[in-house]
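Q: File name query27.cif; file contents mmCIF, C-alpha atoms and all ligand atoms; full text below.
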```cif
data_structure
loop_
_atom_site.label_atom_id
_atom_site.label_comp_id
_atom_site.auth_asym_id
_atom_site.auth_seq_id
_atom_site.Cartn_x
_atom_site.Cartn_y
_atom_site.Cartn_z
CA MET A 1 159.79 125.75 56.29
CA THR A 2 162.38 124.37 53.89
CA ASN A 3 160.74 121.10 52.91
CA ALA A 4 157.30 120.86 51.34
CA ILE A 5 157.32 117.06 51.69
CA GLU A 6 159.05 115.09 54.43
CA ILE A 7 158.82 111.33 54.61
CA ARG A 8 160.45 109.54 57.50
CA ALA A 9 160.83 105.76 57.75
CA VAL A 10 157.55 105.06 55.97
CA THR A 11 156.61 101.42 55.59
CA ARG A 12 153.43 100.31 53.81
CA ARG A 13 152.36 96.69 53.84
CA PHE A 14 149.55 95.19 51.81
CA GLY A 15 149.11 91.86 53.56
CA ARG A 16 152.37 90.04 52.96
CA VAL A 17 153.59 92.55 50.35
CA LYS A 18 155.86 95.26 51.68
CA ALA A 19 155.31 97.99 49.09
CA LEU A 20 157.40 100.55 50.99
CA ASP A 21 160.20 99.65 53.36
CA GLU A 22 161.42 102.42 55.69
CA VAL A 23 161.24 105.07 52.96
CA SER A 24 162.68 108.47 53.85
CA PHE A 25 163.16 111.49 51.61
CA THR A 26 162.43 115.19 51.44
CA VAL A 27 161.31 117.54 48.70
CA PRO A 28 162.33 121.18 49.25
CA VAL A 29 159.74 123.92 48.82
CA GLY A 30 159.69 125.21 45.25
CA SER A 31 161.55 122.30 43.66
CA ILE A 32 160.64 119.78 40.99
CA CYS A 33 161.56 116.30 42.14
CA GLY A 34 161.57 113.24 39.88
CA LEU A 35 160.35 110.04 41.55
CA LEU A 36 161.86 107.23 39.50
CA GLY A 37 161.96 103.48 39.65
CA ARG A 38 160.98 100.35 37.80
CA ASN A 39 157.46 98.90 37.65
CA GLY A 40 156.23 97.99 41.11
CA ALA A 41 159.00 99.92 42.86
CA GLY A 42 156.52 101.79 45.09
CA LYS A 43 156.05 105.18 43.38
CA THR A 44 152.24 105.19 43.32
CA THR A 45 152.09 103.88 46.87
CA VAL A 46 154.25 106.70 48.17
CA MET A 47 152.28 109.31 46.19
CA SER A 48 148.99 107.96 47.59
CA ILE A 49 150.38 108.40 51.09
CA ILE A 50 151.69 111.91 50.40
CA SER A 51 148.31 112.89 48.95
CA GLY A 52 146.50 111.63 52.06
CA GLN A 53 144.61 108.95 50.12
CA ASP A 54 146.39 106.23 52.03
CA ARG A 55 148.17 105.87 55.37
CA PRO A 56 151.52 104.33 56.11
CA THR A 57 151.66 101.14 58.16
CA SER A 58 154.41 102.89 60.11
CA GLY A 59 156.50 106.03 59.76
CA ARG A 60 155.63 109.68 59.34
CA VAL A 61 154.64 111.91 56.41
CA GLU A 62 154.39 115.69 56.52
CA VAL A 63 153.21 117.91 53.71
CA LEU A 64 153.70 121.62 54.34
CA GLY A 65 154.31 120.81 57.99
CA ALA A 66 151.22 118.66 58.67
CA THR A 67 150.15 115.05 58.28
CA PRO A 68 147.91 115.00 55.22
CA PHE A 69 145.59 112.09 56.07
CA GLU A 70 142.11 113.45 56.91
CA HIS A 71 143.58 116.94 57.33
CA ALA A 72 141.37 119.16 55.19
CA ALA A 73 143.56 122.27 55.34
CA THR A 74 146.57 120.32 54.02
CA LEU A 75 144.57 118.35 51.47
CA SER A 76 143.31 121.62 49.96
CA LYS A 77 146.94 122.48 49.15
CA ILE A 78 147.67 119.22 47.31
CA SER A 79 146.79 118.34 43.74
CA TYR A 80 147.28 114.66 42.91
CA VAL A 81 147.21 113.74 39.22
CA ARG A 82 147.04 110.00 38.74
CA ASP A 83 146.68 107.94 35.64
CA ASN A 84 143.43 106.20 36.58
CA GLN A 85 141.28 109.18 37.53
CA ARG A 86 137.58 108.31 37.06
CA TYR A 87 134.78 110.65 36.02
CA PRO A 88 130.98 110.24 36.13
CA ASP A 89 129.63 108.56 32.97
CA ASP A 90 127.94 111.63 31.52
CA TYR A 91 130.84 114.03 32.15
CA ARG A 92 132.22 116.15 29.34
CA LEU A 93 135.16 118.53 29.51
CA HIS A 94 133.03 121.54 30.53
CA HIS A 95 131.71 119.66 33.60
CA VAL A 96 135.26 119.09 34.80
CA LEU A 97 136.32 122.67 34.11
CA ARG A 98 133.31 123.99 36.01
CA ILE A 99 133.79 121.84 39.11
CA ALA A 100 137.58 121.79 39.41
CA PRO A 101 137.96 125.44 40.53
CA GLU A 102 135.69 124.73 43.51
CA PHE A 103 138.42 122.46 44.87
CA ALA A 104 141.35 124.62 43.75
CA PRO A 105 141.47 128.10 45.28
CA ASN A 106 144.37 129.15 43.01
CA TRP A 107 142.74 127.89 39.78
CA SER A 108 144.01 129.60 36.62
CA THR A 109 141.46 129.84 33.83
CA ASP A 110 144.19 131.06 31.48
CA VAL A 111 146.40 128.02 32.07
CA ALA A 112 143.41 125.70 31.68
CA SER A 113 142.35 127.35 28.38
CA GLU A 114 145.88 127.29 26.98
CA LEU A 115 146.25 123.57 27.71
CA VAL A 116 142.76 122.62 26.51
CA ASP A 117 143.49 124.37 23.20
CA GLY A 118 147.03 123.04 22.92
CA PHE A 119 146.05 119.45 23.67
CA GLN A 120 142.99 119.80 21.41
CA ILE A 121 140.79 118.14 24.03
CA PRO A 122 137.36 117.38 22.51
CA ALA A 123 134.57 119.45 24.06
CA LYS A 124 131.56 117.35 23.09
CA THR A 125 132.79 113.77 23.51
CA PRO A 126 131.93 112.18 26.90
CA ILE A 127 135.15 111.77 28.88
CA LYS A 128 134.50 108.05 29.30
CA LYS A 129 135.07 107.74 25.52
CA PHE A 130 138.39 109.64 25.58
CA SER A 131 141.57 108.02 24.33
CA ARG A 132 144.39 107.25 26.77
CA GLY A 133 146.25 110.39 25.70
CA GLN A 134 143.14 112.59 25.98
CA LEU A 135 142.57 111.33 29.54
CA SER A 136 146.16 112.23 30.39
CA ALA A 137 145.61 115.66 28.86
CA VAL A 138 142.58 116.31 31.09
CA ALA A 139 144.54 115.20 34.15
CA ILE A 140 147.39 117.56 33.26
CA VAL A 141 144.96 120.47 32.84
CA LEU A 142 143.68 119.79 36.35
CA GLY A 143 147.16 119.42 37.81
CA LEU A 144 148.65 122.56 36.29
CA ALA A 145 145.65 124.91 36.33
CA SER A 146 145.02 124.09 40.02
CA ARG A 147 148.30 125.78 40.91
CA ALA A 148 148.29 123.82 44.17
CA PRO A 149 151.27 124.49 46.46
CA VAL A 150 152.14 120.78 46.22
CA THR A 151 151.39 118.99 42.94
CA LEU A 152 151.90 115.25 42.51
CA PHE A 153 152.01 113.91 38.95
CA ASP A 154 151.97 110.11 38.77
CA GLU A 155 152.94 109.05 35.21
CA PRO A 156 151.17 112.11 33.78
CA TYR A 157 151.94 111.52 30.14
CA LEU A 158 150.70 108.02 29.41
CA GLY A 159 149.57 108.01 25.79
CA LEU A 160 150.47 111.65 25.14
CA ASP A 161 152.21 112.29 21.82
CA VAL A 162 155.52 114.11 21.59
CA SER A 163 154.00 117.54 20.83
CA ALA A 164 151.60 117.26 23.75
CA ARG A 165 154.44 116.27 26.08
CA ALA A 166 156.49 119.26 24.89
CA LEU A 167 153.52 121.52 25.69
CA PHE A 168 153.29 120.02 29.17
CA TYR A 169 157.00 120.58 29.86
CA SER A 170 156.95 124.18 28.65
CA VAL A 171 153.77 125.20 30.51
CA LEU A 172 154.99 123.45 33.67
CA LEU A 173 158.32 125.31 33.69
CA ARG A 174 156.85 128.65 32.67
CA ASP A 175 153.97 128.53 35.17
CA LEU A 176 156.18 127.40 38.04
CA ALA A 177 158.42 130.38 37.34
CA THR A 178 155.33 132.62 37.60
CA VAL A 179 153.69 130.89 40.57
CA PRO A 180 156.35 128.87 42.42
CA ARG A 181 155.22 125.56 43.90
CA THR A 182 156.52 122.11 44.66
CA VAL A 183 156.16 119.26 42.19
CA LEU A 184 156.80 115.54 42.62
CA LEU A 185 156.61 113.74 39.28
CA SER A 186 156.94 110.04 38.54
CA THR A 187 157.71 108.88 35.02
CA HIS A 188 159.30 106.13 32.98
CA LEU A 189 160.28 108.66 30.27
CA ILE A 190 163.41 109.46 32.17
CA GLU A 191 165.69 110.84 29.47
CA GLU A 192 163.02 113.16 28.19
CA SER A 193 162.07 114.46 31.64
CA GLU A 194 165.52 114.67 33.19
CA SER A 195 166.02 118.37 32.47
CA LEU A 196 162.85 119.26 34.41
CA PHE A 197 164.16 117.92 37.70
CA ASP A 198 166.04 119.81 40.42
CA ARG A 199 166.22 116.66 42.44
CA VAL A 200 165.69 112.93 42.00
CA VAL A 201 164.60 110.09 44.23
CA ILE A 202 165.02 106.57 42.89
CA VAL A 203 163.08 103.77 44.56
CA ASP A 204 163.69 100.08 44.08
CA ARG A 205 161.59 97.33 45.64
CA GLY A 206 160.10 99.76 48.15
CA ARG A 207 163.40 101.29 49.26
CA VAL A 208 165.03 104.61 48.43
CA VAL A 209 168.31 103.85 46.68
CA VAL A 210 169.20 107.34 45.47
CA GLU A 211 168.21 110.76 46.80
CA GLU A 212 170.24 113.52 45.21
CA GLU A 213 170.25 116.85 43.46
CA ARG A 214 169.89 115.94 39.79
CA ASP A 215 173.36 117.05 38.79
CA ASP A 216 174.96 115.26 41.75
CA ALA A 217 173.20 112.02 40.77
CA ARG A 218 175.36 111.97 37.66
CA GLU A 219 178.42 111.58 39.89
CA LEU A 220 177.14 108.35 41.42
CA ALA A 221 178.13 106.00 38.62
CA LEU A 222 180.01 105.73 35.34
CA SER A 223 179.16 104.03 32.10
CA LEU A 224 182.05 102.18 30.40
CA SER A 225 181.79 100.56 27.00
CA GLY A 226 184.12 98.90 24.55
CA VAL A 227 185.79 95.54 23.89
CA ALA A 228 184.60 93.18 26.65
CA ASP A 229 187.85 92.04 28.26
CA VAL A 230 189.31 95.55 28.15
CA VAL A 231 186.17 96.98 29.77
CA ASP A 232 186.54 94.36 32.50
CA ARG A 233 190.14 95.40 33.08
CA VAL A 234 189.26 99.11 33.33
CA ALA A 235 186.28 98.37 35.61
CA ALA A 236 188.34 96.17 37.96
CA GLY A 237 188.07 97.34 41.55
CA ARG A 238 184.76 99.11 41.04
CA ALA A 239 181.38 97.63 42.02
CA VAL A 240 179.56 96.76 38.80
CA LEU A 241 175.90 97.77 39.04
CA GLN A 242 174.90 96.54 35.62
CA SER A 243 176.50 94.75 32.72
CA THR A 244 175.33 94.21 29.14
CA ARG A 245 177.22 92.16 26.56
CA VAL A 246 176.59 92.02 22.81
CA GLY A 247 179.06 89.76 21.02
CA GLY A 248 182.57 90.94 21.90
CA LEU A 249 181.38 94.34 23.13
CA LYS A 250 180.37 95.15 26.65
CA SER A 251 178.81 98.07 28.55
CA VAL A 252 178.96 98.28 32.31
CA ILE A 253 177.71 100.74 34.90
CA VAL A 254 180.19 100.99 37.75
CA ARG A 255 179.66 102.71 41.05
CA GLY A 256 181.48 105.96 41.82
CA PRO A 257 182.63 109.06 39.98
CA GLY A 258 185.20 109.39 37.22
CA ASP A 259 188.50 109.78 39.07
CA SER A 260 191.82 110.12 37.26
CA ASP A 261 192.70 106.40 37.66
CA ILE A 262 189.69 105.15 35.77
CA LEU A 263 189.67 107.99 33.23
CA ASN A 264 193.35 107.41 32.39
CA ALA A 265 192.85 103.65 32.14
CA ALA A 266 189.83 104.14 29.89
CA ALA A 267 191.75 106.54 27.61
CA LEU A 268 194.73 104.18 27.45
CA HIS A 269 192.61 101.17 26.46
CA GLY A 270 190.16 102.93 24.16
CA VAL A 271 187.17 102.42 26.45
CA GLN A 272 184.38 104.96 26.17
CA VAL A 273 183.50 106.54 29.49
CA ALA A 274 180.63 108.82 30.47
CA PRO A 275 178.72 109.72 33.62
CA ALA A 276 175.81 107.32 34.04
CA SER A 277 172.49 108.87 33.05
CA LEU A 278 169.49 108.79 35.36
CA GLN A 279 168.08 106.06 33.15
CA ASP A 280 171.28 104.04 33.63
CA LEU A 281 170.94 104.45 37.39
CA VAL A 282 167.30 103.35 37.44
CA MET A 283 168.14 100.30 35.35
CA ALA A 284 171.25 99.53 37.38
CA TYR A 285 169.47 99.67 40.71
CA GLY A 286 166.56 97.73 39.30
CA THR A 287 168.85 94.81 38.44
CA HIS A 288 167.92 92.79 41.41
CA ASP A 289 171.18 91.17 42.45
CA GLU A 290 172.63 94.37 43.83
CA PRO A 291 171.46 95.21 47.33
CA ALA A 292 173.74 98.25 47.77
CA THR A 293 172.19 101.66 48.27
CA THR A 294 173.48 105.14 47.61
CA THR A 295 172.17 108.13 49.51
CA LYS A 296 173.08 111.76 49.75
CA GLU A 297 175.35 110.84 52.64
CA GLY A 298 177.41 108.84 50.17
CA VAL A 299 177.74 105.25 49.16
CA ARG A 300 176.44 102.60 51.52
CA ALA A 301 177.38 99.06 50.56
N1 LIG B 401 146.38 97.59 47.10
C1 LIG B 401 147.42 96.78 46.96
N2 LIG B 401 147.36 95.50 47.37
C2 LIG B 401 148.42 94.68 47.25
N3 LIG B 401 149.62 95.04 46.72
C3 LIG B 401 149.72 96.30 46.29
C4 LIG B 401 148.66 97.24 46.39
N4 LIG B 401 149.08 98.43 45.88
C5 LIG B 401 150.35 98.23 45.50
N5 LIG B 401 150.74 96.97 45.74
C6 LIG B 401 152.06 96.39 45.47
O1 LIG B 401 153.02 97.28 45.97
C7 LIG B 401 154.15 97.36 45.09
C8 LIG B 401 154.38 98.80 44.67
O2 LIG B 401 153.32 99.17 43.77
P1 LIG B 401 153.24 100.64 43.17
O3 LIG B 401 151.96 100.72 42.41
O4 LIG B 401 153.44 101.63 44.24
O5 LIG B 401 154.49 100.65 42.17
P2 LIG B 401 154.91 101.73 41.07
O6 LIG B 401 156.33 102.06 41.33
O7 LIG B 401 153.93 102.85 41.04
O8 LIG B 401 154.82 100.87 39.74
P3 LIG B 401 154.51 101.29 38.20
O9 LIG B 401 155.70 102.04 37.69
O10 LIG B 401 154.35 99.96 37.54
O11 LIG B 401 153.24 102.09 38.20
C9 LIG B 401 153.87 96.40 43.95
O12 LIG B 401 154.46 95.17 44.27
C10 LIG B 401 152.37 96.28 43.98
O13 LIG B 401 151.96 95.04 43.48
#
```
Spit out the file's structure as structure tokens when you get a sec.
A:
Amino acid sequence: MTNAIEIRAVTRRFGRVKALDEVSFTVPVGSICGLLGRNGAGKTTVMSIISGQDRPTSGRVEVLGATPFEHAATLSKISYVRDNQRYPDDYRLHHVLRIAPEFAPNWSTDVASELVDGFQIPAKTPIKKFSRGQLSAVAIVLGLASRAPVTLFDEPYLGLDVSARALFYSVLLRDLATVPRTVLLSTHLIEESESLFDRVVIVDRGRVVVEEERDDARELALSLSGVADVVDRVAAGRAVLQSTRVGGLKSVIVRGPGDSDILNAAALHGVQVAPASLQDLVMAYGTHDEPATTTKEGVRA
């Protein structure tokens, strides 16, 4: 099996809202895939379906070769870390750490202890009184210490401070090198997380607009900035995905890689040019006048 997650033409409607519209993508076994997109793009909906907590209205989802919904053997291989996990009122950390291994056959006590110490999670405070960041920390302990073959992190670092996020990144990378598994991670902290990803999927209004290896995604668009009318001249002939103007200065994201024509024109006119970052791409595709989509097969207007 090459893909841990395969989603084919998945649509999910909530009444009149189409949260997912013919979504298709794959996540190869052993990779870390970033699931990116603006608020309401459909990230949580697709994760709920992958985790078997929800069913598509139409389309097909396979996790490790089986449909997860009501499939106990597959569900036991998935850990789903979401931002609104609820715990019984009287629960403290030790209750969670005692029960979690019963649902996680690969549970690592060492990973759990390292993270509990590093995050400084309070032992005696009831979890219902935890801060936003402390709740995220507990969720991350569960997600990483479970060592599930497929781990889904939905916005795992809400409220976590910079040191705690650095701990998460380093334990994630180190532990995946020790015990390889597949991770799908959604986040709005794109710049900070970019280096974690092998692959990225960008969703916009329920549709997949980019599915690429991370490094290839940087070839999809260029960022040009400089004096406004000169930027316009250099960008001429390229589809403009996003445009920002401040006074006489302008930045645009244009579709396509940096070929010699545009690089020479930019150098000649003193326009700064750089590959668009993942954050640029998410913002560009989230600017809702642009219906074009880009897939691994290339650009589709
Ligand atoms: N149970 C529901 N009933 C009605 N609409 C829903 C439901 N769940 C999700 N939606 C809608 O589906 C769309 C996608 O929501 P989803 O939570 O998947 O987005 P998201 O990408 O996770 O957003 P965010 O980054 O803000 O968390 C939104 O328009 C949302 O309002």
Q: Need to verify the contact set: stretch 190-202 of chain A, 7 Å, only C-alpha atoms, exclusion of same-chain residues closer than 2 positions in sequence. Can you return it as a PyMOL selection string?
A: chain A and resi 31-37+187-188+204+208-214+278-279+282
Q: Would you mind reading off the distance between atom P3 of ligand LIG 401 (chain B) and atom CA of A:Val96, one decimal, in Å?
A: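 Computing the Euclidean distance for atom P3 of ligand LIG 401 (chain B) and atom CA of A:Val96 yields 26.4 Å.
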Q: Hey, can you check how far atom CA of A:Gly206 sits from atom CA of A:Val10?
A: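 Straight-line distance from atom CA of A:Gly206 to atom CA of A:Val10 works out to 9.8 Å.
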Q: Each residue of chain A lying at most 9 Å from ligand LIG 401 (chain B) should get a row with its shortest atom-to-atom pair and the distance in Å to one decimal, counting all atoms listed in the file; could you produce that, ordered by chain and increasing number, as CSV?
A:
```
residue,atom,partner,partner_atom,distance
A:Arg12,CA,B:LIG401,O1,8.4
A:Arg13,CA,B:LIG401,N3,7.8
A:Phe14,CA,B:LIG401,C2,4.7
A:Gly15,CA,B:LIG401,C2,6.9
A:Arg16,CA,B:LIG401,C2,8.4
A:Val17,CA,B:LIG401,N3,5.9
A:Lys18,CA,B:LIG401,O1,6.7
A:Ala19,CA,B:LIG401,O1,3.9
A:Leu20,CA,B:LIG401,C8,7.2
A:Leu35,CA,B:LIG401,O6,8.9
A:Leu36,CA,B:LIG401,O6,7.8
A:Gly37,CA,B:LIG401,O6,6.0
A:Arg38,CA,B:LIG401,O9,5.5
A:Asn39,CA,B:LIG401,O10,3.3
A:Gly40,CA,B:LIG401,O5,3.4
A:Ala41,CA,B:LIG401,O6,3.7
A:Gly42,CA,B:LIG401,O4,3.2
A:Lys43,CA,B:LIG401,O6,3.7
A:Thr44,CA,B:LIG401,O7,3.7
A:Thr45,CA,B:LIG401,O4,3.7
A:Val46,CA,B:LIG401,O4,6.5
A:Met47,CA,B:LIG401,O4,8.0
A:Ser48,CA,B:LIG401,O4,8.4
A:Asp154,CA,B:LIG401,O7,7.9
A:Glu155,CA,B:LIG401,O11,7.6
A:Ser186,CA,B:LIG401,O9,8.1
A:Thr187,CA,B:LIG401,O9,7.6
A:His188,CA,B:LIG401,O9,7.2
A:Val203,CA,B:LIG401,O6,7.7
A:Asp204,CA,B:LIG401,O6,8.1
A:Arg205,CA,B:LIG401,C8,7.4
A:Gly206,CA,B:LIG401,C8,6.8
```
Q: Excluding A:Pro156 and residues on its chain fewer than 2 positions from it, collect all residues at most 10 Å away from it, counting only C-alpha atoms, and give them as JSON, numbers by chain.
A: {"A": [81, 82, 83, 133, 135, 136, 137, 138, 139, 140, 143, 152, 153, 154, 158, 159, 160, 165, 168, 185, 186, 187]}
Q: Using C-alpha atoms, can you export the residues from the last selection as a PDB file, keeping the file's coordinate frame?
A:
```pdb
ATOM      1  CA  VAL A  81     147.210 113.740  39.220  1.00  0.00           C
ATOM      2  CA  ARG A  82     147.040 110.000  38.740  1.00  0.00           C
ATOM      3  CA  ASP A  83     146.680 107.940  35.640  1.00  0.00           C
ATOM      4  CA  GLY A 133     146.250 110.390  25.700  1.00  0.00           C
ATOM      5  CA  LEU A 135     142.570 111.330  29.540  1.00  0.00           C
ATOM      6  CA  SER A 136     146.160 112.230  30.390  1.00  0.00           C
ATOM      7  CA  ALA A 137     145.610 115.660  28.860  1.00  0.00           C
ATOM      8  CA  VAL A 138     142.580 116.310  31.090  1.00  0.00           C
ATOM      9  CA  ALA A 139     144.540 115.200  34.150  1.00  0.00           C
ATOM     10  CA  ILE A 140     147.390 117.560  33.260  1.00  0.00           C
ATOM     11  CA  GLY A 143     147.160 119.420  37.810  1.00  0.00           C
ATOM     12  CA  LEU A 152     151.900 115.250  42.510  1.00  0.00           C
ATOM     13  CA  PHE A 153     152.010 113.910  38.950  1.00  0.00           C
ATOM     14  CA  ASP A 154     151.970 110.110  38.770  1.00  0.00           C
ATOM     15  CA  LEU A 158     150.700 108.020  29.410  1.00  0.00           C
ATOM     16  CA  GLY A 159     149.570 108.010  25.790  1.00  0.00           C
ATOM     17  CA  LEU A 160     150.470 111.650  25.140  1.00  0.00           C
ATOM     18  CA  ARG A 165     154.440 116.270  26.080  1.00  0.00           C
ATOM     19  CA  PHE A 168     153.290 120.020  29.170  1.00  0.00           C
ATOM     20  CA  LEU A 185     156.610 113.740  39.280  1.00  0.00           C
ATOM     21  CA  SER A 186     156.940 110.040  38.540  1.00  0.00           C
ATOM     22  CA  THR A 187     157.710 108.880  35.020  1.00  0.00           C
TER      23      THR A 187
END
```
Q: Compute the distance from (154.0, 127.5, 51.8) to each atom, counting all atoms listed in the file, keep the residues with any atom at most 10 Å away, and return them as a PDB file with C-alpha atoms, in the frame of the given file; use the coordinates of the file.
A:
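Printed below is out00.pdb as written:
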```pdb
ATOM      1  CA  MET A   1     159.790 125.750  56.290  1.00  0.00           C
ATOM      2  CA  THR A   2     162.380 124.370  53.890  1.00  0.00           C
ATOM      3  CA  ASN A   3     160.740 121.100  52.910  1.00  0.00           C
ATOM      4  CA  ALA A   4     157.300 120.860  51.340  1.00  0.00           C
ATOM      5  CA  VAL A  29     159.740 123.920  48.820  1.00  0.00           C
ATOM      6  CA  GLY A  30     159.690 125.210  45.250  1.00  0.00           C
ATOM      7  CA  VAL A  63     153.210 117.910  53.710  1.00  0.00           C
ATOM      8  CA  LEU A  64     153.700 121.620  54.340  1.00  0.00           C
ATOM      9  CA  GLY A  65     154.310 120.810  57.990  1.00  0.00           C
ATOM     10  CA  LYS A  77     146.940 122.480  49.150  1.00  0.00           C
ATOM     11  CA  PRO A 149     151.270 124.490  46.460  1.00  0.00           C
ATOM     12  CA  VAL A 150     152.140 120.780  46.220  1.00  0.00           C
ATOM     13  CA  PRO A 180     156.350 128.870  42.420  1.00  0.00           C
ATOM     14  CA  ARG A 181     155.220 125.560  43.900  1.00  0.00           C
ATOM     15  CA  THR A 182     156.520 122.110  44.660  1.00  0.00           C
TER      16      THR A 182
END
```
Q: Between A:Tyr285, A:Leu115, A:Leu142, A:Val254, which has the minimum distance to A:Tyr169 (counting all atoms listed in the file)?
A: A:Leu115
Q: Can you fill out stretch 130-150 of chain A with N, CA and C atoms and hand it back as a compact mmCIF listing (two decimals), in the frame of the given file?
A:
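This is the output file selection00.txt:
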```
# COMPACT_ATOMS: atom_id res chain seq x y z
N PHE A 130 137.10 109.04 25.94
CA PHE A 130 138.39 109.64 25.58
C PHE A 130 139.45 108.55 25.38
N SER A 131 140.40 108.89 24.51
CA SER A 131 141.57 108.02 24.33
C SER A 131 142.47 108.13 25.57
N ARG A 132 143.44 107.22 25.65
CA ARG A 132 144.39 107.25 26.77
C ARG A 132 145.09 108.62 26.86
N GLY A 133 145.56 109.11 25.71
CA GLY A 133 146.25 110.39 25.70
C GLY A 133 145.34 111.55 26.07
N GLN A 134 144.08 111.51 25.63
CA GLN A 134 143.14 112.59 25.98
C GLN A 134 142.84 112.59 27.48
N LEU A 135 142.77 111.39 28.08
CA LEU A 135 142.57 111.33 29.54
C LEU A 135 143.76 111.94 30.27
N SER A 136 144.96 111.63 29.78
CA SER A 136 146.16 112.23 30.39
C SER A 136 146.12 113.74 30.25
N ALA A 137 145.67 114.22 29.09
CA ALA A 137 145.61 115.66 28.86
C ALA A 137 144.67 116.33 29.86
N VAL A 138 143.51 115.73 30.11
CA VAL A 138 142.58 116.31 31.09
C VAL A 138 143.23 116.35 32.47
N ALA A 139 143.90 115.27 32.83
CA ALA A 139 144.54 115.20 34.15
C ALA A 139 145.61 116.29 34.28
N ILE A 140 146.34 116.53 33.21
CA ILE A 140 147.39 117.56 33.26
C ILE A 140 146.76 118.96 33.37
N VAL A 141 145.66 119.18 32.68
CA VAL A 141 144.96 120.47 32.84
C VAL A 141 144.63 120.69 34.31
N LEU A 142 144.06 119.65 34.94
CA LEU A 142 143.68 119.79 36.35
C LEU A 142 144.91 120.04 37.23
N GLY A 143 145.97 119.30 36.97
CA GLY A 143 147.16 119.42 37.81
C GLY A 143 147.83 120.78 37.69
N LEU A 144 147.93 121.29 36.47
CA LEU A 144 148.65 122.56 36.29
C LEU A 144 147.76 123.77 36.58
N ALA A 145 146.51 123.73 36.12
CA ALA A 145 145.65 124.91 36.33
C ALA A 145 145.28 125.07 37.80
N SER A 146 145.33 123.99 38.58
CA SER A 146 145.02 124.09 40.02
C SER A 146 146.02 124.96 40.76
N ARG A 147 147.24 125.00 40.25
CA ARG A 147 148.30 125.78 40.91
C ARG A 147 148.37 125.48 42.41
N ALA A 148 148.22 124.21 42.76
CA ALA A 148 148.29 123.82 44.17
C ALA A 148 149.72 123.96 44.66
N PRO A 149 149.91 124.35 45.92
CA PRO A 149 151.27 124.49 46.46
C PRO A 149 152.09 123.21 46.33
N VAL A 150 151.43 122.06 46.43
CA VAL A 150 152.14 120.78 46.22
C VAL A 150 151.36 120.01 45.15
```
